[in-house]
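Participant: My structure is stored as structure.txt, with compact mmCIF, C-alpha atoms.
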# COMPACT_ATOMS: atom_id res chain seq x y z
CA MET G 1 36.25 -38.44 -99.45
CA ALA G 2 37.12 -37.98 -103.10
CA GLU G 3 40.56 -36.66 -104.04
CA ARG G 4 42.55 -36.08 -107.20
CA LEU G 5 43.95 -39.24 -108.75
CA ALA G 6 47.51 -37.88 -108.78
CA LYS G 7 47.30 -37.08 -105.07
CA PHE G 8 46.01 -40.57 -104.31
CA MET G 9 48.89 -42.10 -106.29
CA ALA G 10 51.41 -39.94 -104.46
CA ARG G 11 50.03 -41.01 -101.07
CA SER G 12 50.55 -44.64 -102.07
CA GLY G 13 54.28 -43.89 -102.23
CA VAL G 14 54.68 -45.07 -105.81
CA CYS G 15 55.78 -41.64 -107.09
CA SER G 16 55.59 -37.92 -106.46
CA ARG G 17 52.41 -36.03 -107.33
CA ARG G 18 54.20 -34.31 -110.19
CA ASP G 19 55.35 -37.64 -111.61
CA ALA G 20 51.85 -39.06 -111.16
CA GLU G 21 50.41 -36.26 -113.28
CA VAL G 22 52.91 -37.09 -116.03
CA MET G 23 52.05 -40.80 -115.88
CA ILE G 24 48.34 -40.04 -116.15
CA LYS G 25 48.91 -37.85 -119.22
CA GLN G 26 50.94 -40.70 -120.71
CA LYS G 27 47.79 -42.89 -120.38
CA ARG G 28 49.54 -45.33 -118.06
CA VAL G 29 46.81 -45.27 -115.41
CA THR G 30 43.42 -46.97 -115.48
CA VAL G 31 40.52 -46.67 -113.04
CA ASP G 32 38.04 -49.56 -113.12
CA GLY G 33 39.32 -50.46 -116.58
CA GLU G 34 39.05 -46.94 -118.00
CA VAL G 35 42.22 -45.22 -119.23
CA ILE G 36 42.49 -41.83 -117.54
CA GLU G 37 44.02 -39.02 -119.58
CA THR G 38 43.79 -36.02 -117.26
CA PRO G 39 45.03 -35.45 -113.69
CA ALA G 40 41.77 -33.58 -113.04
CA PHE G 41 40.03 -36.84 -112.15
CA ASN G 42 38.71 -37.65 -108.69
CA VAL G 43 38.71 -41.06 -107.01
CA GLU G 44 37.33 -42.37 -103.72
CA GLY G 45 40.12 -44.92 -103.27
CA THR G 46 37.80 -47.91 -103.50
CA GLU G 47 38.23 -48.21 -107.27
CA ASN G 48 40.53 -50.66 -109.04
CA ILE G 49 43.42 -48.31 -109.88
CA LEU G 50 46.26 -49.71 -111.97
CA LEU G 51 49.59 -48.21 -113.06
CA ASP G 52 51.08 -49.98 -116.07
CA GLY G 53 48.66 -52.81 -115.35
CA GLU G 54 49.81 -53.23 -111.74
CA LYS G 55 47.73 -52.44 -108.67
CA LEU G 56 48.95 -49.53 -106.57
CA PRO G 57 50.40 -50.43 -103.16
CA ALA G 58 48.20 -49.60 -100.18
CA ALA G 59 48.93 -46.26 -98.59
CA GLU G 60 51.17 -46.76 -95.56
CA GLN G 61 51.77 -44.62 -92.53
CA THR G 62 53.70 -41.52 -93.54
CA ARG G 63 57.39 -41.77 -92.66
CA LEU G 64 60.33 -39.42 -93.08
CA TRP G 65 64.08 -40.06 -93.05
CA LEU G 66 67.16 -37.88 -92.85
CA TYR G 67 69.88 -38.95 -95.28
CA HIS G 68 73.43 -37.64 -95.58
CA LYS G 69 73.93 -37.58 -99.32
CA PRO G 70 77.56 -37.93 -100.43
CA ALA G 71 78.82 -35.97 -103.42
CA GLY G 72 78.83 -37.94 -106.67
CA LEU G 73 75.30 -39.33 -106.50
CA LEU G 74 72.35 -38.20 -108.61
CA THR G 75 69.03 -37.55 -106.88
CA THR G 76 66.97 -39.60 -109.30
CA HIS G 77 65.53 -43.12 -109.48
CA LYS G 78 66.80 -43.73 -113.00
CA ASP G 79 69.64 -42.26 -115.04
CA THR G 80 69.96 -42.75 -118.80
CA GLU G 81 73.76 -42.80 -118.47
CA ASN G 82 73.68 -45.41 -115.69
CA ARG G 83 75.44 -43.11 -113.24
CA ALA G 84 75.28 -43.78 -109.49
CA THR G 85 72.11 -42.55 -107.80
CA VAL G 86 71.00 -41.83 -104.25
CA PHE G 87 68.36 -44.55 -104.42
CA SER G 88 70.75 -47.26 -105.55
CA HIS G 89 73.04 -46.51 -102.60
CA LEU G 90 70.53 -46.43 -99.74
CA PRO G 91 70.94 -48.96 -96.92
CA PRO G 92 68.85 -52.15 -97.27
CA GLY G 93 65.52 -52.40 -95.52
CA LEU G 94 64.00 -49.08 -96.56
CA PRO G 95 60.67 -49.06 -98.40
CA ARG G 96 60.41 -47.25 -101.73
CA VAL G 97 61.12 -43.61 -100.93
CA ILE G 98 61.00 -40.26 -102.70
CA SER G 99 63.26 -37.30 -102.05
CA VAL G 100 62.02 -33.93 -100.88
CA GLY G 101 63.59 -31.75 -103.55
CA ARG G 102 67.04 -32.56 -104.87
CA LEU G 103 70.72 -32.06 -104.31
CA ASP G 104 72.74 -31.93 -107.52
CA LEU G 105 75.48 -34.40 -108.41
CA ASN G 106 78.33 -32.55 -106.70
CA SER G 107 76.37 -31.32 -103.67
CA GLU G 108 76.22 -33.18 -100.37
CA GLY G 109 74.53 -33.04 -97.00
CA LEU G 110 70.97 -33.36 -95.74
CA LEU G 111 68.38 -34.87 -98.05
CA LEU G 112 64.89 -35.68 -96.75
CA LEU G 113 63.33 -38.95 -97.91
CA THR G 114 59.71 -40.01 -97.50
CA ASN G 115 57.35 -42.82 -98.52
CA ASN G 116 54.59 -40.26 -99.16
CA GLY G 117 54.74 -38.43 -102.49
CA GLU G 118 52.14 -35.90 -101.40
CA LEU G 119 54.27 -34.95 -98.40
CA SER G 120 57.30 -34.59 -100.67
CA ARG G 121 55.44 -32.09 -102.82
CA LYS G 122 54.17 -30.04 -99.88
CA LEU G 123 57.56 -29.78 -98.20
CA GLU G 124 59.12 -28.48 -101.41
CA LEU G 125 56.77 -25.49 -101.66
CA PRO G 126 58.43 -22.11 -100.84
CA GLU G 127 55.24 -20.88 -99.15
CA ASN G 128 55.97 -23.26 -96.27
CA GLY G 129 58.53 -20.67 -95.21
CA TRP G 130 61.07 -23.40 -94.50
CA SER G 131 64.63 -22.20 -94.96
CA ARG G 132 67.43 -24.39 -96.27
CA ARG G 133 70.89 -23.69 -94.83
CA TYR G 134 74.16 -24.57 -96.53
CA LYS G 135 77.86 -24.43 -95.80
CA VAL G 136 79.57 -23.37 -99.02
CA ARG G 137 83.24 -23.28 -99.89
CA VAL G 138 84.02 -20.74 -102.60
CA HIS G 139 87.11 -19.72 -104.52
CA GLY G 140 87.70 -16.10 -105.49
CA PHE G 141 87.65 -12.65 -103.94
CA VAL G 142 84.65 -12.20 -101.65
CA ASN G 143 83.06 -8.78 -102.12
CA LYS G 144 81.11 -8.34 -98.88
CA LYS G 145 78.76 -5.74 -100.39
CA LYS G 146 77.81 -8.00 -103.29
CA LEU G 147 77.35 -10.84 -100.84
CA ALA G 148 75.04 -8.73 -98.68
CA ASP G 149 73.10 -7.52 -101.71
CA LEU G 150 71.89 -11.07 -102.36
CA ALA G 151 69.48 -10.48 -99.45
CA ASN G 152 67.54 -8.12 -101.72
CA GLY G 153 66.89 -10.75 -104.37
CA THR G 154 68.51 -10.72 -107.79
CA VAL G 155 68.13 -11.68 -111.44
CA VAL G 156 70.67 -13.95 -113.14
CA ASP G 157 70.34 -14.84 -116.83
CA GLY G 158 66.71 -13.75 -116.80
CA VAL G 159 65.79 -15.86 -113.75
CA CYS G 160 64.50 -14.08 -110.63
CA TYR G 161 65.86 -15.33 -107.31
CA GLY G 162 64.37 -14.42 -103.96
CA PRO G 163 66.29 -13.07 -100.96
CA VAL G 164 69.33 -15.14 -99.97
CA LYS G 165 71.29 -14.58 -96.78
CA ALA G 166 75.00 -15.21 -97.31
CA GLU G 167 77.50 -14.73 -94.49
CA LEU G 168 81.28 -15.05 -94.54
CA GLU G 169 82.29 -17.67 -91.98
CA SER G 170 86.04 -17.89 -92.60
CA GLN G 171 88.59 -16.82 -95.18
CA ASN G 172 92.07 -18.00 -96.17
CA GLY G 173 93.39 -16.11 -99.16
CA THR G 174 91.02 -16.72 -102.06
CA ASN G 175 89.38 -19.71 -100.35
CA SER G 176 86.41 -18.93 -98.13
CA TRP G 177 83.58 -20.68 -96.31
CA LEU G 178 80.13 -19.13 -96.41
CA ILE G 179 76.89 -19.91 -94.61
CA VAL G 180 74.03 -19.48 -97.09
CA THR G 181 70.33 -19.55 -96.21
CA LEU G 182 67.51 -19.52 -98.75
CA ASN G 183 63.82 -20.41 -99.04
CA GLU G 184 63.32 -21.25 -102.72
CA GLY G 185 66.00 -23.73 -103.72
CA LYS G 186 65.77 -23.34 -107.51
CA ASN G 187 67.94 -25.50 -109.76
CA ARG G 188 71.65 -24.93 -108.91
CA GLU G 189 70.62 -21.65 -107.28
CA ILE G 190 73.62 -21.16 -105.00
CA ARG G 191 76.15 -22.03 -107.70
CA LYS G 192 74.56 -19.59 -110.14
CA LEU G 193 74.28 -16.79 -107.59
CA MET G 194 77.89 -17.20 -106.50
CA LYS G 195 79.08 -17.19 -110.10
CA SER G 196 77.16 -13.96 -110.68
CA ILE G 197 79.31 -12.23 -108.03
CA GLY G 198 82.59 -13.73 -109.21
CA LEU G 199 82.84 -16.76 -106.95
CA GLU G 200 83.26 -20.43 -107.87
CA VAL G 201 81.63 -23.01 -105.62
CA ALA G 202 84.12 -25.73 -104.69
CA ARG G 203 81.97 -27.54 -102.15
CA LEU G 204 78.33 -27.30 -101.10
CA ILE G 205 76.90 -28.99 -98.00
CA ARG G 206 73.25 -28.72 -96.93
CA LEU G 207 73.09 -28.39 -93.16
CA SER G 208 69.36 -28.14 -92.60
CA TYR G 209 65.96 -28.22 -94.26
CA GLY G 210 63.30 -26.47 -92.22
CA PRO G 211 63.40 -27.88 -88.65
CA PHE G 212 65.45 -30.92 -89.68
CA GLN G 213 69.22 -30.85 -89.16
CA LEU G 214 72.11 -32.83 -90.67
CA GLY G 215 73.80 -32.88 -87.27
CA SER G 216 76.31 -35.69 -86.80
CA LEU G 217 74.81 -37.93 -89.48
CA LYS G 218 77.65 -39.61 -91.38
CA LYS G 219 77.89 -39.73 -95.18
CA GLY G 220 75.55 -42.38 -96.55
CA GLU G 221 73.77 -42.79 -93.21
CA VAL G 222 69.96 -42.74 -92.88
CA LYS G 223 67.99 -41.88 -89.75
CA GLU G 224 64.21 -42.06 -89.42
CA VAL G 225 62.36 -39.13 -87.86
CA PRO G 226 60.23 -40.36 -84.91
CA GLN G 227 56.46 -40.22 -85.45
CA LYS G 228 56.10 -37.87 -82.47
CA VAL G 229 58.43 -35.35 -84.11
CA LEU G 230 56.62 -35.76 -87.44
CA LYS G 231 53.29 -34.92 -85.84
CA GLU G 232 54.79 -31.90 -84.12
CA GLN G 233 56.40 -30.54 -87.28
CA LEU G 234 54.09 -31.75 -90.07
CA GLY G 235 50.72 -32.51 -88.52
CA ASP G 236 48.98 -29.67 -90.38
CA LYS G 237 50.73 -30.37 -93.69
CA VAL G 238 49.74 -33.94 -94.49
CA LYS G 239 47.67 -36.84 -93.25
CA LEU G 240 49.90 -39.02 -91.07
Please express what this file holds, its structure, as structure tokens.
Facilitator:
Amino acid sequence: MAERLAKFMARSGVCSRRDAEVMIKQKRVTVDGEVIETPAFNVEGTENILLDGEKLPAAEQTRLWLYHKPAGLLTTHKDTENRATVFSHLPPGLPRVISVGRLDLNSEGLLLLTNNGELSRKLELPENGWSRRYKVRVHGFVNKKKLADLANGTVVDGVCYGPVKAELESQNGTNSWLIVTLNEGKNREIRKLMKSIGLEVARLIRLSYGPFQLGSLKKGEVKEVPQKVLKEQLGDKVKL
């Protein structure tokens, strides 16, 4: 069955679907010798598809890993400033993987990794209804009303943010721990929302992403999700 070229590339694990679309527009992809310039191009999968002159790897069985990202690592494959990245610090033996979303440089906790770029894209979509839960240490005076009001959605610097559930877990003077749950996960969302109500984020730890939990996973440790669990949780989202 025919499918979009970018989707086929993502399923091969070479990149995310979004990155594949960029590569196609950059004229880096050929199909049977023809340079393709638009992502709106269908393939059957039997064609000779090359990226930068190299044949795409064969699509493998979809796999998913839980990774405890330490603070201080960028969630990117390449950094122009040669800073440390998640992918340069993964344990040996993993295939090429792509992250499901990102955690910024100073954030830590659960990061999902997969060898299927199409799965990565689907799991990032807010319409999945998957919540992301964080433990957040903040500095400043916690106004409980302002904290509760985040559940109604808000606008910060012209950007609309959906409902966010923020609960005070513990407090010691001006240092507090919050449990924050959201569905969107926009760029630096929690840090920006906390700043808008007078709080500075000192530490941010992702505890869960949808049904997947950080649990007792140690910093830097990777654990593969069993295929049975994948089928139970993702069977309707992607071809396994």
Participant: Kindly indicate which residue among G:Leu90, G:Ile190, G:Val155, G:Val180 lies nearest to G:Arg133, using all atoms listed in the file for the distances.
Facilitator: G:Val180
Participant: I'd like the contact shell of G:Lys146 - 10 Å cut-off, all atoms listed in the file, skipping same-chain residues fewer than 3 positions apart - returned as a list of chain:residue names.
Facilitator: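 Surrounding residues, per the criterion: G:Val142, G:Asn143, G:Asp149, G:Leu150, G:Ala151, G:Ala166, G:Met194, G:Ser196, G:Ile197, G:Gly198.
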Participant: Work out how far apart atom CA of G:Thr38 and atom CA of G:Lys25 are and give it in Å to one decimal.
Facilitator: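 So the two atoms, atom CA of G:Thr38 and atom CA of G:Lys25, lie 5.8 Å apart.
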Participant: Using only C-alpha atoms, which residue out of G:Asp157, G:Glu81, G:Asp52, G:Glu184 lies closest to G:Gly129?
Facilitator: G:Glu184
Participant: Under the rule that all atoms listed in the file are counted, which of G:Leu64, G:Ile98, G:Leu199, G:Ala40 is the nearest residue to G:His77?
Facilitator: G:Ile98
Participant: When you look at G:Leu125 with a cut-off of 10 Å (counting all atoms listed in the file), what residues show up, excluding the ones that are within fewer than 4 positions of it in the same chain? I need them as an MDAnalysis selection string.
Facilitator: chainID G and resid 100:101 120:121 129:130 183:185
Participant: Contacts of G:Gln227 at 10 Å or less, counting all atoms listed in the file, minus same-chain residues fewer than 6 places along, as a list in words?
Facilitator: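 Residues near the query, excluding close chain neighbours: Gln61, Thr62, Arg63, Leu64, Gln233, Leu234 and Leu240 of chain G.
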Participant: Could you tell me how far atom CA of G:Leu111 lies from atom CA of G:Glu169, in Å and to one decimal?
Facilitator: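 Separation of atom CA of G:Leu111 and atom CA of G:Glu169: 22.9 Å.
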Participant: What is the distance, in Å and to one decimal place, between atom CA of G:Glu118 and atom CA of G:Ser216?
Facilitator: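 If I compute the distance from atom CA of G:Glu118 to atom CA of G:Ser216, I get 28.2 Å.
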Participant: Determine, counting all atoms listed in the file, which protein, DNA and RNA residues have an atom within 12 Å of an atom of G:Gly173; residues of the same chain fewer than 2 positions away are not included. Present the result as an MDAnalysis selection string.
Facilitator: chainID G and resid 138:142 170:171 175:177
Participant: Within 9 Å of G:Tyr161, counting all atoms listed in the file, which residues show up once you throw out same-chain ones fewer than 3 positions away? Write them as number ranges by chain, please.
Facilitator: G: 150, 153-156, 164, 184, 186, 189, 193
Participant: List every protein, DNA or RNA residue with an atom no more than 6 Å from (44.0, -47.5, -113.1) in the file's coordinates, counting only C-alpha atoms, and format the result as a compact mmCIF listing (two decimals) with C-alpha atoms, keeping the file's coordinate frame.
Facilitator:
# COMPACT_ATOMS: atom_id res chain seq x y z
CA VAL G 29 46.81 -45.27 -115.41
CA THR G 30 43.42 -46.97 -115.48
CA VAL G 31 40.52 -46.67 -113.04
CA ILE G 49 43.42 -48.31 -109.88
CA LEU G 50 46.26 -49.71 -111.97
CA LEU G 51 49.59 -48.21 -113.06
Participant: Go through G:Gly13, G:Pro163, G:Gly109, G:Pro126 one by one, measure the shortest atom-to-atom distance of each to G:Lys69 using only C-alpha atoms, and give the residue with the smallest value.
Facilitator: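 Of G:Gly13, G:Pro163, G:Gly109, G:Pro126, the one nearest G:Lys69, counting only C-alpha atoms, is G:Gly109.
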